[in-house]
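Enquirer: Below is coords_37.cif; it holds mmCIF, C-alpha atoms.
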```
data_run
loop_
_atom_site.label_atom_id
_atom_site.label_comp_id
_atom_site.auth_asym_id
_atom_site.auth_seq_id
_atom_site.Cartn_x
_atom_site.Cartn_y
_atom_site.Cartn_z
CA MET A 1 60.08 134.18 5.64
CA TYR A 2 57.79 132.00 7.74
CA ASP A 3 59.07 133.07 11.18
CA GLU A 4 55.81 134.65 12.34
CA ARG A 5 53.73 131.78 11.05
CA LEU A 6 56.02 129.27 12.78
CA ALA A 7 55.85 131.27 16.01
CA GLU A 8 52.05 131.30 15.78
CA PHE A 9 51.99 127.54 15.18
CA SER A 10 54.25 127.04 18.19
CA ARG A 11 52.01 129.16 20.42
CA GLU A 12 48.79 127.57 19.22
CA ARG A 13 49.84 123.91 18.94
CA LEU A 14 52.83 123.49 21.27
CA ASP A 15 52.18 126.08 24.00
CA GLY A 16 55.14 128.11 22.77
CA ARG A 17 57.68 125.28 22.85
CA PRO A 18 60.35 125.29 20.13
CA ILE A 19 59.23 123.57 16.94
CA PRO A 20 61.26 120.41 16.28
CA ASP A 21 63.48 120.70 13.19
CA ASP A 22 61.65 118.05 11.16
CA LEU A 23 58.26 119.60 11.93
CA ARG A 24 59.58 122.99 10.81
CA VAL A 25 60.63 121.50 7.43
CA LEU A 26 57.26 119.77 6.98
CA LEU A 27 55.27 122.89 7.87
CA VAL A 28 57.19 125.13 5.49
CA ALA A 29 56.83 122.55 2.72
CA GLN A 30 53.04 122.50 3.21
CA TRP A 31 52.83 126.30 3.31
CA GLU A 32 54.86 126.49 0.11
CA GLY A 33 52.40 124.14 -1.55
CA ARG A 34 54.90 121.31 -1.93
CA THR A 35 53.21 117.92 -2.04
CA ASP A 36 56.27 115.67 -1.79
CA PHE A 37 56.12 115.22 1.99
CA THR A 38 52.34 115.00 2.00
CA ARG A 39 52.50 112.23 -0.59
CA LEU A 40 55.07 110.29 1.43
CA LEU A 41 53.76 110.87 4.97
CA ASP A 42 50.05 111.60 4.50
CA LEU A 43 50.14 114.52 6.95
CA ASP A 44 47.99 117.64 6.70
CA PHE A 45 49.06 120.19 9.29
CA PHE A 46 46.51 122.29 11.14
CA GLU A 47 46.03 125.86 10.05
CA ALA A 48 45.74 128.74 12.49
CA GLY A 49 42.51 128.74 14.44
CA GLU A 50 41.59 125.09 13.88
CA VAL A 51 40.14 123.57 17.02
CA HIS A 52 42.15 120.89 18.82
CA PRO A 53 40.30 117.60 18.18
CA LEU A 54 40.02 116.93 21.93
CA LEU A 55 38.30 120.31 22.40
CA ASP A 56 35.99 120.10 19.40
CA THR A 57 32.40 119.63 20.55
CA SER A 58 30.80 121.04 17.39
CA TYR A 59 29.54 117.60 16.39
CA LEU A 60 27.50 117.22 19.61
CA SER A 61 23.87 118.23 19.93
CA GLU A 62 22.66 120.56 22.70
CA THR A 63 21.16 117.54 24.44
CA GLU A 64 24.48 115.70 24.32
CA LEU A 65 26.35 118.78 25.57
CA ALA A 66 23.96 119.02 28.54
CA ASP A 67 24.38 115.36 29.47
CA PRO A 68 26.46 115.05 32.68
CA GLU A 69 28.25 111.96 31.37
CA MET A 70 29.28 113.79 28.20
CA GLN A 71 30.30 116.81 30.27
CA ALA A 72 32.62 114.53 32.28
CA VAL A 73 34.16 113.20 29.07
CA ASN A 74 34.57 116.70 27.61
CA ALA A 75 36.18 118.03 30.81
CA ALA A 76 38.63 115.12 30.83
CA ALA A 77 39.37 115.66 27.13
CA ALA A 78 40.08 119.36 27.81
CA GLU A 79 42.61 118.41 30.47
CA MET A 80 44.17 115.84 28.12
CA ALA A 81 44.62 118.59 25.52
CA THR A 82 47.18 120.18 27.84
CA TYR A 83 49.40 117.10 27.33
CA VAL A 84 48.40 115.93 23.83
CA LYS A 85 49.78 118.38 21.29
CA LEU A 86 48.24 117.32 17.99
CA VAL A 87 49.71 119.06 14.97
CA ALA A 88 48.28 117.30 11.90
CA ARG A 89 45.60 115.12 10.42
CA GLY A 90 47.02 111.79 9.37
CA GLY A 91 47.33 108.15 10.25
CA LYS A 92 44.26 106.96 12.14
CA GLY A 93 43.01 110.49 12.73
CA TRP A 94 45.45 113.02 14.17
CA VAL A 95 49.14 112.91 15.13
CA GLY A 96 51.36 114.89 17.43
CA TYR A 97 53.26 114.78 20.67
CA TRP A 98 52.61 113.42 24.16
CA LEU A 99 54.06 116.07 26.48
CA HIS A 100 53.00 114.90 29.92
CA PRO A 101 55.21 116.43 32.65
CA ASP A 102 56.11 112.98 34.01
CA GLU A 103 57.73 111.96 30.72
CA PRO A 104 61.54 112.30 30.67
CA ALA A 105 62.65 115.76 29.58
CA ASP A 106 66.04 114.53 28.38
CA ARG A 107 64.76 112.68 25.33
CA ALA A 108 62.83 113.43 22.16
CA TRP A 109 59.14 114.16 22.63
CA GLN A 110 56.98 111.05 22.70
CA LEU A 111 54.79 110.68 19.61
CA THR A 112 51.09 109.95 19.80
CA GLU A 113 48.16 109.38 17.52
CA LEU A 114 44.49 109.89 18.31
CA ASP A 115 41.84 108.14 16.29
CA THR A 116 38.30 109.29 15.64
CA GLU A 117 37.01 107.11 18.50
CA PHE A 118 39.33 108.95 20.93
CA THR A 119 41.69 106.00 21.28
CA PHE A 120 45.37 106.86 21.72
CA TRP A 121 48.12 105.02 19.86
CA SER A 122 51.86 105.31 20.26
CA LEU A 123 54.09 105.89 17.26
CA VAL A 124 57.64 104.61 16.99
CA GLY A 125 60.51 106.94 16.16
CA LEU A 126 62.29 109.94 17.58
CA THR A 127 60.62 112.51 15.31
CA LEU A 128 57.21 113.09 13.83
CA THR A 129 58.68 112.32 10.41
CA GLU A 130 59.94 108.94 11.61
CA GLY A 131 56.64 108.12 13.28
CA ALA A 132 54.63 109.05 10.21
CA ALA A 133 56.99 107.14 7.90
CA ALA A 134 56.75 104.04 10.09
CA GLU A 135 52.95 104.33 10.05
CA ARG A 136 52.87 104.82 6.26
CA ALA A 137 55.23 101.88 5.64
CA SER A 138 52.34 99.46 6.05
CA TYR A 139 50.36 101.26 3.32
CA GLN A 140 52.96 101.06 0.55
CA ASP A 141 53.01 98.80 -2.50
CA GLU A 142 55.88 96.91 -0.88
CA PRO A 143 54.24 94.28 1.38
CA ASP A 144 57.19 94.08 3.79
CA GLU A 145 56.87 97.17 5.99
CA ARG A 146 60.57 97.03 6.87
CA ILE A 147 61.58 97.33 3.22
CA ALA A 148 58.84 99.94 2.63
CA PHE A 149 60.14 102.00 5.57
CA THR A 150 63.68 101.90 4.18
CA GLN A 151 62.37 103.05 0.80
CA LEU A 152 60.48 105.93 2.45
CA ALA A 153 63.58 106.85 4.47
CA VAL A 154 65.64 107.03 1.29
CA GLU A 155 63.05 109.25 -0.41
CA LEU A 156 62.85 111.52 2.65
CA ALA A 157 66.65 111.81 2.74
CA GLU A 158 66.61 112.81 -0.94
CA LEU A 159 64.21 115.61 0.05
CA GLY A 160 66.65 116.75 2.74
CA THR A 161 64.97 115.18 5.78
CA ALA A 162 67.17 112.36 6.98
CA LEU A 163 65.78 110.01 9.62
CA SER A 164 67.86 108.73 12.53
CA THR A 165 67.77 105.28 10.91
CA GLN A 166 66.64 103.54 7.74
CA ASP A 167 66.14 100.32 9.71
CA TYR A 168 62.52 99.89 10.80
CA ASP A 169 63.53 97.57 13.65
CA ALA A 170 65.96 100.17 15.02
CA LEU A 171 63.28 102.87 15.45
CA ASP A 172 62.91 104.15 18.98
CA ASP A 173 60.00 102.40 20.68
CA THR A 174 60.26 103.78 24.20
CA GLU A 175 57.05 103.24 26.13
CA TYR A 176 55.18 106.09 27.73
CA ARG A 177 55.86 106.60 31.40
CA VAL A 178 52.28 107.84 31.71
CA GLY A 179 49.94 106.19 29.22
CA PRO A 180 47.52 108.60 27.51
CA GLU A 181 44.74 106.01 27.33
CA GLU A 182 44.98 105.18 31.04
CA LEU A 183 45.20 108.84 32.03
CA MET A 184 42.14 109.70 29.95
CA GLU A 185 40.15 106.98 31.76
CA GLU A 186 41.36 108.25 35.14
CA LEU A 187 40.40 111.82 34.28
CA ILE A 188 36.96 110.79 33.04
CA GLU A 189 36.37 108.82 36.23
CA ALA A 190 37.46 111.79 38.37
CA GLU A 191 35.08 114.06 36.45
CA ARG A 192 32.26 111.55 36.94
CA VAL A 193 32.91 111.57 40.69
CA LYS A 194 32.90 115.41 40.72
CA ARG A 195 29.48 115.35 39.06
CA GLY A 196 28.06 112.71 41.41
CA LEU A 197 27.84 110.11 38.65
CA ARG A 198 29.66 107.51 40.80
#
```
Show the structure stored in the file as structure tokens.

Expert:
Amino acid sequence: MYDERLAEFSRERLDGRPIPDDLRVLLVAQWEGRTDFTRLLDLDFFEAGEVHPLLDTSYLSETELADPEMQAVNAAAAEMATYVKLVARGGKGWVGYWLHPDEPADRAWQLTELDTEFTFWSLVGLTLTEGAAAERASYQDEPDERIAFTQLAVELAELGTALSTQDYDALDDTEYRVGPEELMEELIEAERVKRGLR
């Protein structure tokens, strides 16, 4: 029923890569108007045609867009968008996947979060659902995020989306091989050099 819409989402947000199973469930739930996952995970998935946050310059004035320093930042951000596949608003700003070619291909996609100041954050977990649940665990009524995560995991399982673990401390926390924050700085510096700003 949603095959074409899922294919479009894959093309637009993941460069045609297969949509992970948990993301497929979350997307269909949002498109069906179900609020259960949204309530638990605080994710709002992008609709077709929405601009990738790293490519969005609509908030900049003409003067800012003409500034060579800002042009260097925007060029670096555009290159980063080839590796940062954001799929939803949530958390500190936007969440998605870090798909740099130097990351191991034999494991789940690395999760990433981008805040409104263009700072990158890693998320724990093997799936977007796990990463979002771990993030949301600190915002629950239960003050112990480990207990809150377990409670969220149980609720998600009841909705048919089981996590790989209900133990917060057992969540995958593999570090990036190539750090998004460091790469962004390198790319900005390279763009500054290209423009004679260094």

Enquirer: Applying 10 Å and only C-alpha atoms, which residues near segment 2-18 of chain A remain after dropping the ones on its own chain fewer than 5 positions away? List them as a list in words.

Expert: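 Non-adjacent residues within range: Leu23, Arg24, Leu27, Val28, Trp31, Glu32, Phe45, Phe46, Glu47, Ala48, Gly49, Glu50, Val51, His52, Ala81, Thr82, Tyr83, Val84, Lys85, Leu86, Val87, Ala88, Gly96, Tyr97 and Leu99 of chain A.
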
Enquirer: Taking C-alpha atoms for each residue, export the selection above as a compact mmCIF listing (two decimals), in the coordinates of the input.

Expert:
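The resulting file, out.txt, is reproduced below:
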```txt
# COMPACT_ATOMS: atom_id res chain seq x y z
CA LEU A 23 58.26 119.60 11.93
CA ARG A 24 59.58 122.99 10.81
CA LEU A 27 55.27 122.89 7.87
CA VAL A 28 57.19 125.13 5.49
CA TRP A 31 52.83 126.30 3.31
CA GLU A 32 54.86 126.49 0.11
CA PHE A 45 49.06 120.19 9.29
CA PHE A 46 46.51 122.29 11.14
CA GLU A 47 46.03 125.86 10.05
CA ALA A 48 45.74 128.74 12.49
CA GLY A 49 42.51 128.74 14.44
CA GLU A 50 41.59 125.09 13.88
CA VAL A 51 40.14 123.57 17.02
CA HIS A 52 42.15 120.89 18.82
CA ALA A 81 44.62 118.59 25.52
CA THR A 82 47.18 120.18 27.84
CA TYR A 83 49.40 117.10 27.33
CA VAL A 84 48.40 115.93 23.83
CA LYS A 85 49.78 118.38 21.29
CA LEU A 86 48.24 117.32 17.99
CA VAL A 87 49.71 119.06 14.97
CA ALA A 88 48.28 117.30 11.90
CA GLY A 96 51.36 114.89 17.43
CA TYR A 97 53.26 114.78 20.67
CA LEU A 99 54.06 116.07 26.48
```

Enquirer: So how far away is atom CA of Gly91 of chain A from atom CA of Glu64 of chain A, in Å?

Expert: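 Computing it gives 27.9 Å between the two atoms.
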
Enquirer: Could you state which residues are captured by the PyMOL selection byres ((chain A and resi 112) around 10) in this file, as a PyMOL selection string?

Expert: chain A and resi 84-86+94-99+109-111+113-114+120-124+128+131+176+180

Enquirer: So how many Å separate atom CA of Leu60 of chain A and atom CA of Gly179 of chain A, to one decimal?

Expert: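 Spanning atom CA of Leu60 of chain A to atom CA of Gly179 of chain A is a straight-line distance of 26.8 Å.
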
Enquirer: Each residue of segment 59-166 of chain A lying at most 9 Å from segment 186-193 of chain A should get a row with its shortest atom-to-atom pair and the distance in Å to one decimal, counting all atoms listed in the file; could you produce that, ordered by chain and increasing number, as a Markdown table?

Expert:
```
| residue | atom | partner | partner_atom | distance |
| --- | --- | --- | --- | --- |
| A:Pro68 | CA | A:Arg192 | CA | 8.0 |
| A:Glu69 | CA | A:Arg192 | CA | 6.9 |
| A:Gln71 | CA | A:Glu191 | CA | 8.3 |
| A:Ala72 | CA | A:Glu191 | CA | 4.9 |
| A:Val73 | CA | A:Ile188 | CA | 5.4 |
| A:Asn74 | CA | A:Ile188 | CA | 8.4 |
| A:Ala75 | CA | A:Glu191 | CA | 7.0 |
| A:Ala76 | CA | A:Leu187 | CA | 5.1 |
| A:Ala77 | CA | A:Ile188 | CA | 8.0 |
| A:Glu79 | CA | A:Leu187 | CA | 7.9 |
| A:Met80 | CA | A:Leu187 | CA | 8.3 |
```
